[in-house]
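Listing of entry34.cif; format and content: mmCIF, C-alpha atoms.
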data_work
#
loop_
_atom_site.group_PDB
_atom_site.id
_atom_site.type_symbol
_atom_site.label_atom_id
_atom_site.label_comp_id
_atom_site.auth_asym_id
_atom_site.auth_seq_id
_atom_site.Cartn_x
_atom_site.Cartn_y
_atom_site.Cartn_z
ATOM 1 C CA MET A 1 -15.668 -18.992 -22.731
ATOM 2 C CA GLU A 2 -12.031 -17.970 -22.402
ATOM 3 C CA SER A 3 -10.639 -19.281 -25.681
ATOM 4 C CA GLN A 4 -10.389 -15.747 -27.046
ATOM 5 C CA MET A 5 -7.697 -15.068 -24.445
ATOM 6 C CA GLU A 6 -5.371 -18.064 -24.561
ATOM 7 C CA VAL A 7 -2.243 -16.204 -23.497
ATOM 8 C CA ARG A 8 1.212 -17.773 -23.770
ATOM 9 C CA ASP A 9 4.051 -15.539 -22.670
ATOM 10 C CA ASP A 10 6.596 -17.944 -21.207
ATOM 11 C CA ASP A 11 9.605 -15.671 -21.782
ATOM 12 C CA LEU A 12 7.686 -12.499 -20.727
ATOM 13 C CA SER A 13 8.423 -10.708 -24.006
ATOM 14 C CA LYS A 14 4.750 -9.669 -24.233
ATOM 15 C CA PHE A 15 4.774 -8.518 -20.603
ATOM 16 C CA GLU A 16 7.936 -6.471 -21.159
ATOM 17 C CA ALA A 17 6.415 -4.784 -24.204
ATOM 18 C CA GLU A 18 2.838 -4.238 -23.021
ATOM 19 C CA GLY A 19 2.414 -5.215 -19.374
ATOM 20 C CA ALA A 20 -0.407 -7.528 -18.324
ATOM 21 C CA ALA A 21 -3.918 -7.176 -19.757
ATOM 22 C CA SER A 22 -5.430 -3.784 -18.895
ATOM 23 C CA LEU A 23 -7.601 -3.763 -15.797
ATOM 24 C CA PRO A 24 -11.331 -3.239 -16.316
ATOM 25 C CA VAL A 25 -12.672 0.272 -15.713
ATOM 26 C CA THR A 26 -13.983 0.827 -12.193
ATOM 27 C CA GLU A 27 -15.404 3.764 -10.284
ATOM 28 C CA ASN A 28 -14.557 1.961 -7.057
ATOM 29 C CA GLN A 29 -10.996 3.057 -6.414
ATOM 30 C CA GLY A 30 -9.212 5.437 -4.097
ATOM 31 C CA TYR A 31 -6.651 5.836 -1.347
ATOM 32 C CA ILE A 32 -6.561 5.327 2.374
ATOM 33 C CA SER A 33 -4.033 6.889 4.719
ATOM 34 C CA HIS A 34 -2.447 4.312 6.995
ATOM 35 C CA GLN A 35 0.711 4.306 9.105
ATOM 36 C CA GLY A 36 2.539 7.007 7.160
ATOM 37 C CA ALA A 37 1.513 5.775 3.699
ATOM 38 C CA ARG A 38 -1.235 6.427 1.149
ATOM 39 C CA ILE A 39 -2.471 3.035 -0.020
ATOM 40 C CA TRP A 40 -4.236 2.744 -3.397
ATOM 41 C CA HIS A 41 -7.012 0.184 -3.772
ATOM 42 C CA ALA A 42 -9.759 -0.716 -6.246
ATOM 43 C CA THR A 43 -12.622 -3.199 -6.453
ATOM 44 C CA TYR A 44 -14.251 -4.930 -9.425
ATOM 45 C CA GLY A 45 -17.483 -6.931 -9.587
ATOM 46 C CA SER A 46 -19.627 -8.099 -6.714
ATOM 47 C CA GLY A 47 -19.913 -11.178 -4.532
ATOM 48 C CA PRO A 48 -17.525 -12.698 -1.988
ATOM 49 C CA ALA A 49 -14.291 -10.686 -1.830
ATOM 50 C CA VAL A 50 -10.960 -11.984 -3.096
ATOM 51 C CA ILE A 51 -7.959 -9.741 -2.425
ATOM 52 C CA LEU A 52 -5.080 -10.045 -4.903
ATOM 53 C CA LEU A 53 -1.650 -9.154 -3.489
ATOM 54 C CA HIS A 54 1.104 -8.576 -6.057
ATOM 55 C CA GLY A 55 4.810 -9.341 -5.862
ATOM 56 C CA GLY A 56 7.809 -7.181 -4.987
ATOM 57 C CA LEU A 57 8.593 -4.292 -7.398
ATOM 58 C CA GLY A 58 5.254 -4.854 -9.168
ATOM 59 C CA HIS A 59 1.821 -3.303 -8.766
ATOM 60 C CA ALA A 60 -1.840 -4.300 -8.809
ATOM 61 C CA GLY A 61 -2.028 -4.042 -12.605
ATOM 62 C CA ASN A 62 0.057 -7.220 -12.830
ATOM 63 C CA TRP A 63 -3.215 -9.059 -12.040
ATOM 64 C CA GLY A 64 -4.839 -7.960 -15.334
ATOM 65 C CA TYR A 65 -5.522 -11.565 -16.424
ATOM 66 C CA GLN A 66 -6.934 -12.635 -13.053
ATOM 67 C CA VAL A 67 -9.462 -9.874 -12.288
ATOM 68 C CA PRO A 68 -11.863 -10.659 -15.185
ATOM 69 C CA ALA A 69 -11.761 -14.390 -14.345
ATOM 70 C CA LEU A 70 -12.783 -13.702 -10.738
ATOM 71 C CA VAL A 71 -15.515 -11.242 -11.708
ATOM 72 C CA ARG A 72 -16.877 -13.622 -14.351
ATOM 73 C CA ASN A 73 -17.123 -16.346 -11.731
ATOM 74 C CA GLY A 74 -19.123 -14.255 -9.279
ATOM 75 C CA TYR A 75 -16.427 -12.730 -7.071
ATOM 76 C CA ARG A 76 -15.512 -9.223 -6.043
ATOM 77 C CA ALA A 77 -11.852 -8.710 -6.927
ATOM 78 C CA VAL A 78 -10.016 -6.309 -4.634
ATOM 79 C CA LEU A 79 -6.661 -4.874 -5.720
ATOM 80 C CA ILE A 80 -4.119 -3.085 -3.549
ATOM 81 C CA ASP A 81 -0.810 -1.459 -4.476
ATOM 82 C CA SER A 82 1.530 -2.443 -1.638
ATOM 83 C CA ARG A 83 3.117 0.460 0.234
ATOM 84 C CA GLY A 84 5.881 2.050 -1.821
ATOM 85 C CA HIS A 85 4.711 0.235 -4.974
ATOM 86 C CA GLY A 86 2.610 1.476 -7.887
ATOM 87 C CA ARG A 87 0.379 4.357 -6.824
ATOM 88 C CA SER A 88 0.912 3.789 -3.091
ATOM 89 C CA THR A 89 3.401 5.853 -1.132
ATOM 90 C CA ARG A 90 5.575 4.981 1.842
ATOM 91 C CA ASP A 91 7.375 6.740 4.659
ATOM 92 C CA ALA A 92 11.016 6.359 5.712
ATOM 93 C CA ARG A 93 10.493 3.239 7.812
ATOM 94 C CA PRO A 94 11.972 -0.045 6.584
ATOM 95 C CA PHE A 95 9.678 -2.426 4.733
ATOM 96 C CA SER A 96 8.135 -5.310 6.636
ATOM 97 C CA TYR A 97 5.521 -7.903 5.784
ATOM 98 C CA GLU A 98 3.771 -7.004 9.055
ATOM 99 C CA TRP A 99 3.340 -3.412 7.874
ATOM 100 C CA MET A 100 2.012 -4.584 4.524
ATOM 101 C CA ALA A 101 -0.386 -7.019 6.195
ATOM 102 C CA SER A 102 -1.669 -4.202 8.403
ATOM 103 C CA ASP A 103 -2.249 -2.088 5.273
ATOM 104 C CA VAL A 104 -4.403 -4.874 3.797
ATOM 105 C CA LEU A 105 -6.420 -5.050 7.014
ATOM 106 C CA ALA A 106 -6.905 -1.265 6.952
ATOM 107 C CA VAL A 107 -8.234 -1.461 3.369
ATOM 108 C CA MET A 108 -10.579 -4.279 4.422
ATOM 109 C CA ASP A 109 -11.881 -2.102 7.261
ATOM 110 C CA VAL A 110 -12.523 0.858 4.935
ATOM 111 C CA LEU A 111 -14.306 -1.423 2.434
ATOM 112 C CA ASP A 112 -16.256 -3.057 5.295
ATOM 113 C CA LEU A 113 -14.978 -6.540 4.424
ATOM 114 C CA GLN A 114 -15.360 -8.808 7.422
ATOM 115 C CA SER A 115 -13.595 -11.647 5.659
ATOM 116 C CA ALA A 116 -11.909 -12.234 2.300
ATOM 117 C CA GLY A 117 -10.002 -14.839 0.378
ATOM 118 C CA LEU A 118 -6.371 -13.863 -0.230
ATOM 119 C CA VAL A 119 -4.417 -14.642 -3.401
ATOM 120 C CA GLY A 120 -0.763 -13.787 -2.905
ATOM 121 C CA TRP A 121 2.096 -13.829 -5.391
ATOM 122 C CA SER A 122 5.691 -13.736 -4.122
ATOM 123 C CA ASP A 123 5.937 -10.887 -1.552
ATOM 124 C CA GLY A 124 2.147 -10.719 -1.677
ATOM 125 C CA ALA A 125 1.966 -14.380 -0.601
ATOM 126 C CA CYS A 126 4.104 -13.628 2.473
ATOM 127 C CA THR A 127 1.882 -10.659 3.271
ATOM 128 C CA ALA A 128 -1.228 -12.844 2.930
ATOM 129 C CA LEU A 129 0.078 -15.575 5.227
ATOM 130 C CA VAL A 130 1.289 -13.057 7.820
ATOM 131 C CA LEU A 131 -2.200 -11.529 7.803
ATOM 132 C CA ALA A 132 -3.754 -14.993 8.174
ATOM 133 C CA ALA A 133 -1.504 -15.666 11.167
ATOM 134 C CA LYS A 134 -2.327 -12.304 12.802
ATOM 135 C CA ALA A 135 -6.054 -12.057 12.018
ATOM 136 C CA PRO A 136 -7.413 -15.499 11.074
ATOM 137 C CA ALA A 137 -11.044 -14.432 11.569
ATOM 138 C CA ARG A 138 -10.659 -12.019 8.644
ATOM 139 C CA VAL A 139 -9.163 -14.535 6.181
ATOM 140 C CA ALA A 140 -11.245 -17.207 4.427
ATOM 141 C CA GLY A 141 -8.137 -18.850 2.969
ATOM 142 C CA VAL A 142 -4.731 -18.149 1.416
ATOM 143 C CA PHE A 143 -3.623 -19.078 -2.105
ATOM 144 C CA PHE A 144 0.117 -18.889 -1.459
ATOM 145 C CA PHE A 145 2.059 -18.680 -4.708
ATOM 146 C CA ALA A 146 5.834 -18.524 -5.082
ATOM 147 C CA CYS A 147 7.248 -17.389 -1.793
ATOM 148 C CA ASN A 148 9.245 -18.453 1.249
ATOM 149 C CA MET A 149 8.400 -18.141 4.944
ATOM 150 C CA ASP A 150 11.999 -18.251 6.200
ATOM 151 C CA PRO A 151 15.282 -17.251 4.512
ATOM 152 C CA SER A 152 16.370 -20.870 3.926
ATOM 153 C CA GLY A 153 13.656 -21.253 1.277
ATOM 154 C CA VAL A 154 15.354 -19.033 -1.301
ATOM 155 C CA LYS A 155 17.523 -20.292 -4.148
ATOM 156 C CA PRO A 156 20.773 -18.492 -5.051
ATOM 157 C CA PHE A 157 19.905 -15.669 -7.450
ATOM 158 C CA GLU A 158 20.650 -16.169 -11.134
ATOM 159 C CA ALA A 159 19.853 -13.488 -13.689
ATOM 160 C CA THR A 160 18.009 -14.744 -16.774
ATOM 161 C CA PRO A 161 16.567 -12.988 -19.853
ATOM 162 C CA THR A 162 13.054 -13.611 -18.470
ATOM 163 C CA LEU A 163 13.903 -11.977 -15.142
ATOM 164 C CA ASN A 164 15.520 -9.054 -16.947
ATOM 165 C CA ARG A 165 12.374 -8.514 -19.025
ATOM 166 C CA CYS A 166 10.217 -8.536 -15.902
ATOM 167 C CA PHE A 167 12.543 -6.107 -14.134
ATOM 168 C CA ALA A 168 12.483 -3.736 -17.123
ATOM 169 C CA ARG A 169 8.671 -3.727 -17.097
ATOM 170 C CA HIS A 170 8.554 -3.074 -13.347
ATOM 171 C CA ALA A 171 10.962 -0.146 -13.704
ATOM 172 C CA LYS A 172 8.866 1.351 -16.516
ATOM 173 C CA ASP A 173 5.574 0.934 -14.633
ATOM 174 C CA TYR A 174 7.035 2.424 -11.464
ATOM 175 C CA ALA A 175 8.190 5.509 -13.381
ATOM 176 C CA GLN A 176 4.658 5.949 -14.771
ATOM 177 C CA LEU A 177 2.630 5.230 -11.617
ATOM 178 C CA SER A 178 4.663 6.290 -8.604
ATOM 179 C CA ALA A 179 4.457 9.644 -6.852
ATOM 180 C CA THR A 180 8.272 9.326 -6.535
ATOM 181 C CA PRO A 181 9.209 8.064 -10.010
ATOM 182 C CA GLU A 182 12.933 8.656 -9.493
ATOM 183 C CA HIS A 183 13.153 6.291 -6.498
ATOM 184 C CA PHE A 184 12.956 2.854 -8.148
ATOM 185 C CA LYS A 185 16.549 2.009 -7.171
ATOM 186 C CA ASP A 186 15.725 2.822 -3.540
ATOM 187 C CA LEU A 187 12.699 0.538 -3.738
ATOM 188 C CA VAL A 188 14.862 -2.308 -5.073
ATOM 189 C CA GLU A 189 17.461 -1.839 -2.316
ATOM 190 C CA ASP A 190 14.966 -1.474 0.521
ATOM 191 C CA LEU A 191 12.876 -4.453 -0.586
ATOM 192 C CA SER A 192 15.995 -6.607 -0.955
ATOM 193 C CA LEU A 193 16.972 -5.726 2.598
ATOM 194 C CA MET A 194 13.595 -6.969 3.871
ATOM 195 C CA GLN A 195 13.649 -10.105 1.731
ATOM 196 C CA ARG A 196 17.053 -11.210 3.034
ATOM 197 C CA THR A 197 15.779 -11.592 6.602
ATOM 198 C CA GLN A 198 11.967 -11.687 6.417
ATOM 199 C CA PRO A 199 9.733 -13.450 6.887
ATOM 200 C CA ASN A 200 11.306 -15.791 9.413
ATOM 201 C CA TYR A 201 8.555 -18.123 10.587
ATOM 202 C CA SER A 202 9.526 -21.230 12.533
ATOM 203 C CA ALA A 203 7.772 -24.575 12.131
ATOM 204 C CA HIS A 204 6.026 -23.712 15.418
ATOM 205 C CA ASP A 205 4.741 -20.425 13.930
ATOM 206 C CA LEU A 206 3.496 -22.223 10.826
ATOM 207 C CA ALA A 207 1.753 -24.874 12.920
ATOM 208 C CA ARG A 208 -0.420 -22.170 14.494
ATOM 209 C CA ILE A 209 -1.891 -20.989 11.171
ATOM 210 C CA SER A 210 -5.544 -21.964 11.259
ATOM 211 C CA VAL A 211 -7.006 -20.957 7.880
ATOM 212 C CA PRO A 212 -7.149 -23.068 4.689
ATOM 213 C CA VAL A 213 -3.908 -22.671 2.722
ATOM 214 C CA LEU A 214 -2.877 -23.887 -0.730
ATOM 215 C CA ILE A 215 0.886 -23.806 -1.335
ATOM 216 C CA VAL A 216 1.435 -23.313 -5.072
ATOM 217 C CA GLN A 217 4.841 -23.942 -6.657
ATOM 218 C CA SER A 218 5.813 -23.686 -10.323
ATOM 219 C CA GLU A 219 7.792 -26.379 -12.109
ATOM 220 C CA HIS A 220 10.432 -23.846 -13.198
ATOM 221 C CA GLU A 221 10.318 -21.532 -10.160
ATOM 222 C CA GLU A 222 13.382 -19.248 -10.173
ATOM 223 C CA PHE A 223 13.444 -18.071 -6.549
ATOM 224 C CA ILE A 224 11.900 -20.610 -4.171
ATOM 225 C CA ARG A 225 13.188 -24.115 -3.426
ATOM 226 C CA ARG A 226 10.609 -26.803 -4.076
ATOM 227 C CA GLU A 227 11.624 -28.566 -0.833
ATOM 228 C CA HIS A 228 10.709 -25.379 1.033
ATOM 229 C CA ALA A 229 7.273 -25.221 -0.571
ATOM 230 C CA GLU A 230 6.695 -28.887 0.321
ATOM 231 C CA TYR A 231 7.834 -28.184 3.892
ATOM 232 C CA LEU A 232 5.340 -25.305 4.186
ATOM 233 C CA ALA A 233 2.525 -27.567 3.001
ATOM 234 C CA LYS A 234 3.448 -30.109 5.695
ATOM 235 C CA ALA A 235 4.031 -27.577 8.491
ATOM 236 C CA ILE A 236 0.763 -25.653 8.048
ATOM 237 C CA PRO A 237 -2.161 -27.716 9.391
ATOM 238 C CA GLY A 238 -4.405 -28.980 6.606
ATOM 239 C CA ALA A 239 -2.485 -27.159 3.886
ATOM 240 C CA GLU A 240 -2.405 -28.595 0.378
ATOM 241 C CA PHE A 241 0.334 -28.491 -2.240
ATOM 242 C CA VAL A 242 0.072 -28.105 -5.997
ATOM 243 C CA VAL A 243 2.619 -27.724 -8.794
ATOM 244 C CA LEU A 244 1.911 -25.688 -11.928
ATOM 245 C CA SER A 245 3.624 -27.353 -14.869
ATOM 246 C CA GLU A 246 5.748 -25.656 -17.540
ATOM 247 C CA VAL A 247 5.655 -22.208 -15.889
ATOM 248 C CA SER A 248 7.853 -20.252 -13.493
ATOM 249 C CA HIS A 249 7.606 -17.508 -10.850
ATOM 250 C CA PHE A 250 5.555 -15.537 -13.373
ATOM 251 C CA ALA A 251 2.776 -18.054 -14.042
ATOM 252 C CA PRO A 252 -0.079 -15.487 -13.715
ATOM 253 C CA LEU A 253 1.423 -13.734 -16.750
ATOM 254 C CA GLN A 254 2.912 -16.697 -18.624
ATOM 255 C CA ARG A 255 -0.136 -18.982 -18.762
ATOM 256 C CA PRO A 256 -3.034 -17.194 -17.092
ATOM 257 C CA GLU A 257 -5.618 -19.879 -17.846
ATOM 258 C CA GLN A 258 -3.627 -22.508 -15.960
ATOM 259 C CA PHE A 259 -3.012 -20.196 -13.009
ATOM 260 C CA ASN A 260 -6.637 -19.019 -12.963
ATOM 261 C CA ALA A 261 -7.970 -22.583 -12.965
ATOM 262 C CA ALA A 262 -5.961 -23.391 -9.812
ATOM 263 C CA MET A 263 -6.920 -20.071 -8.217
ATOM 264 C CA LEU A 264 -10.638 -20.454 -8.941
ATOM 265 C CA GLU A 265 -10.704 -24.038 -7.696
ATOM 266 C CA PHE A 266 -9.236 -22.951 -4.358
ATOM 267 C CA VAL A 267 -11.384 -19.828 -4.066
ATOM 268 C CA GLY A 268 -14.450 -21.925 -4.842
ATOM 269 C CA LYS A 269 -13.683 -24.151 -1.845
ATOM 270 C CA VAL A 270 -13.099 -21.380 0.689
ATOM 271 C CA LEU A 271 -15.690 -18.928 -0.693
ATOM 272 C CA PRO A 272 -18.437 -21.001 -2.313
ATOM 273 C CA ILE A 273 -20.805 -19.019 -4.526
ATOM 274 C CA ARG A 274 -24.528 -19.417 -3.945
ATOM 275 C CA ALA A 275 -26.824 -20.889 -6.609
ATOM 276 C CA THR A 276 -27.060 -17.454 -8.216
ATOM 277 C CA ASP A 277 -23.652 -18.032 -9.810
ATOM 278 C CA SER A 278 -23.533 -18.102 -13.577
ATOM 279 C CA ALA A 279 -20.312 -18.197 -15.532
ATOM 280 C CA GLY A 280 -21.702 -16.105 -18.366
#
Could you spell out this file's structure in structure tokens?
Amino acid sequence: MESQMEVRDDDLSKFEAEGAASLPVTENQGYISHQGARIWHATYGSGPAVILLHGGLGHAGNWGYQVPALVRNGYRAVLIDSRGHGRSTRDARPFSYEWMASDVLAVMDVLDLQSAGLVGWSDGACTALVLAAKAPARVAGVFFFACNMDPSGVKPFEATPTLNRCFARHAKDYAQLSATPEHFKDLVEDLSLMQRTQPNYSAHDLARISVPVLIVQSEHEEFIRREHAEYLAKAIPGAEFVVLSEVSHFAPLQRPEQFNAAMLEFVGKVLPIRATDSAG
């Protein structure tokens, strides 16, 4: 099954050198124009749609280990480069998770997706939950990995060799993919500005979220306080909480099989595949 791809990259040395696994080839990719930005998107496979939303400074290619797992299990994987990231452009307006959520909705409209499961990583998790709060009818469920929903959830920043390797890879990818390759420092500054104050959901805001949510925290998470993740799981009605052992903020890259197992279990609950499913 997947034994040929037992990846272990706990210190991200492989990711720094090579990036994630290459994405499969697809004819189904393009751009939409939305609110002053050109947003890149691509789809892989067929079946119920699962939208993968990457983290800050990254791009959709960071999901290289997750796309084949979803396709193999009967899902249509949808990738989006967030505005200002990867192949997507941005205008001069400040970043906000609301803007990024509206971009996801615009891509869904163009692809004629009435509803989709959302898998969010870091900034992508915030974007997913904001979208679920704004447009619950369009969201089958949110796999919320490694993010905060108010500023109190963030740990004090500490640089580590692993974080430095990740940052180096992001800088290299941005230079290769972006229409403005010289603006990586601006991206870092402008994203940091957003992250210091957003999102800022109260317990009351969280209590109004009405879609299935799984809060996923890593044992060695660098950025998000575990108490905050546990609080989110309690504050969101019906939400569940799971801890991924022996990994950190970069679990989708460090131990993809472990991350994918948790992802597929959740997706299987909120988007069950008909009897036609075969894992071949």
If you apply the PyMOL selection byres ((chain A and resi 27-39) around 8) to this file, what residues do you get, as a VMD selection string?
chain A and resid 25 to 26 40 to 44 80 to 84 87 to 91 103 106 to 107 110
Segment 229-267 of chain A residues near segment 145-167 of chain A within 9 Å, closest pair each, using only C-alpha atoms, as a Markdown table:
| residue | atom | partner | partner_atom | distance |
| --- | --- | --- | --- | --- |
| A:Ala229 | CA | A:Asn148 | CA | 7.3 |
| A:Leu232 | CA | A:Met149 | CA | 7.8 |
| A:Ser248 | CA | A:Ala146 | CA | 8.8 |
| A:His249 | CA | A:Ala146 | CA | 6.1 |
| A:Phe250 | CA | A:Cys166 | CA | 8.8 |
Residues in the PyMOL selection byres ((chain A and resi 170-183) around 6), expressed as a PyMOL selection string
chain A and resi 58+86-87+167-169+184-186
Using all atoms listed in the file, the best pick from A:Pro68, A:Pro252, A:Pro212, A:Gly141 as closest to Pro237 of chain A would be A:Pro212
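With all atoms listed in the file as the atoms that count, the minimum distance from Glu18 of chain A to the choices A:Val139, A:Leu253, A:Ala92, A:Ala239 is reached by A:Leu253.
Here the PyMOL selection byres ((chain A and resi 271) around 9) captures the residues A:Pro48, A:Ala49, A:Val50, A:Tyr75, A:Ala116, A:Gly117, A:Ala140, A:Gly141, A:Phe266, A:Val267, A:Gly268, A:Lys269, A:Val270, A:Pro272, A:Ile273.
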Can you work out the spacing between atom CA of Val104 of chain A and atom CA of Gly56 of chain A in Å, to one decimal?
15.2 Å
Residue among A:Gln217, A:Glu227, A:Leu118, A:His204 lying closest to Glu246 of chain A, counting all atoms listed in the file:
A:Gln217
Saving segment 138-189 of chain A with C-alpha atoms, as a PDB file, in the first residue's frame, what would that file be?
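Just written: selection_27.pdb:
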ATOM      1  CA  ARG A 138     -20.380  25.274   2.010  1.00  0.00           C
ATOM      2  CA  VAL A 139     -18.157  23.412   4.505  1.00  0.00           C
ATOM      3  CA  ALA A 140     -18.562  19.697   5.272  1.00  0.00           C
ATOM      4  CA  GLY A 141     -16.020  19.875   8.098  1.00  0.00           C
ATOM      5  CA  VAL A 142     -12.699  21.410   9.153  1.00  0.00           C
ATOM      6  CA  PHE A 143      -9.497  19.519   9.968  1.00  0.00           C
ATOM      7  CA  PHE A 144      -7.842  22.289  11.974  1.00  0.00           C
ATOM      8  CA  PHE A 145      -4.122  21.667  12.358  1.00  0.00           C
ATOM      9  CA  ALA A 146      -1.648  23.839  14.249  1.00  0.00           C
ATOM     10  CA  CYS A 147      -3.187  27.245  14.618  1.00  0.00           C
ATOM     11  CA  ASN A 148      -4.703  29.706  17.071  1.00  0.00           C
ATOM     12  CA  MET A 149      -8.033  31.537  16.935  1.00  0.00           C
ATOM     13  CA  ASP A 150      -7.009  34.425  19.205  1.00  0.00           C
ATOM     14  CA  PRO A 151      -3.582  35.962  19.926  1.00  0.00           C
ATOM     15  CA  SER A 152      -3.328  34.380  23.399  1.00  0.00           C
ATOM     16  CA  GLY A 153      -2.861  30.952  21.799  1.00  0.00           C
ATOM     17  CA  VAL A 154       0.649  31.634  20.506  1.00  0.00           C
ATOM     18  CA  LYS A 155       3.845  30.617  22.281  1.00  0.00           C
ATOM     19  CA  PRO A 156       6.815  33.018  22.453  1.00  0.00           C
ATOM     20  CA  PHE A 157       8.865  32.552  19.281  1.00  0.00           C
ATOM     21  CA  GLU A 158      12.087  30.568  19.518  1.00  0.00           C
ATOM     22  CA  ALA A 159      14.268  29.979  16.477  1.00  0.00           C
ATOM     23  CA  THR A 160      15.375  26.366  16.002  1.00  0.00           C
ATOM     24  CA  PRO A 161      17.393  24.586  13.282  1.00  0.00           C
ATOM     25  CA  THR A 162      14.162  22.926  12.078  1.00  0.00           C
ATOM     26  CA  LEU A 163      12.385  26.271  11.733  1.00  0.00           C
ATOM     27  CA  ASN A 164      15.399  27.730   9.942  1.00  0.00           C
ATOM     28  CA  ARG A 165      15.380  24.859   7.437  1.00  0.00           C
ATOM     29  CA  CYS A 166      11.680  25.373   6.763  1.00  0.00           C
ATOM     30  CA  PHE A 167      12.158  29.118   6.333  1.00  0.00           C
ATOM     31  CA  ALA A 168      15.029  28.560   3.883  1.00  0.00           C
ATOM     32  CA  ARG A 169      12.848  26.247   1.781  1.00  0.00           C
ATOM     33  CA  HIS A 170       9.965  28.735   1.774  1.00  0.00           C
ATOM     34  CA  ALA A 171      12.282  31.536   0.644  1.00  0.00           C
ATOM     35  CA  LYS A 172      13.658  29.377  -2.182  1.00  0.00           C
ATOM     36  CA  ASP A 173      10.205  28.257  -3.355  1.00  0.00           C
ATOM     37  CA  TYR A 174       8.869  31.807  -3.270  1.00  0.00           C
ATOM     38  CA  ALA A 175      11.746  33.001  -5.466  1.00  0.00           C
ATOM     39  CA  GLN A 176      10.941  30.249  -7.992  1.00  0.00           C
ATOM     40  CA  LEU A 177       7.130  30.494  -8.020  1.00  0.00           C
ATOM     41  CA  SER A 178       6.144  34.076  -7.292  1.00  0.00           C
ATOM     42  CA  ALA A 179       5.407  36.747  -9.877  1.00  0.00           C
ATOM     43  CA  THR A 180       7.249  39.103  -7.466  1.00  0.00           C
ATOM     44  CA  PRO A 181      10.242  36.960  -6.466  1.00  0.00           C
ATOM     45  CA  GLU A 182      12.082  39.856  -4.819  1.00  0.00           C
ATOM     46  CA  HIS A 183       9.297  40.518  -2.285  1.00  0.00           C
ATOM     47  CA  PHE A 184       9.705  37.617   0.162  1.00  0.00           C
ATOM     48  CA  LYS A 185      10.779  39.949   2.988  1.00  0.00           C
ATOM     49  CA  ASP A 186       7.625  42.018   2.442  1.00  0.00           C
ATOM     50  CA  LEU A 187       5.542  38.849   2.617  1.00  0.00           C
ATOM     51  CA  VAL A 188       7.175  37.890   5.929  1.00  0.00           C
ATOM     52  CA  GLU A 189       6.577  41.356   7.412  1.00  0.00           C
TER      53      GLU A 189
END
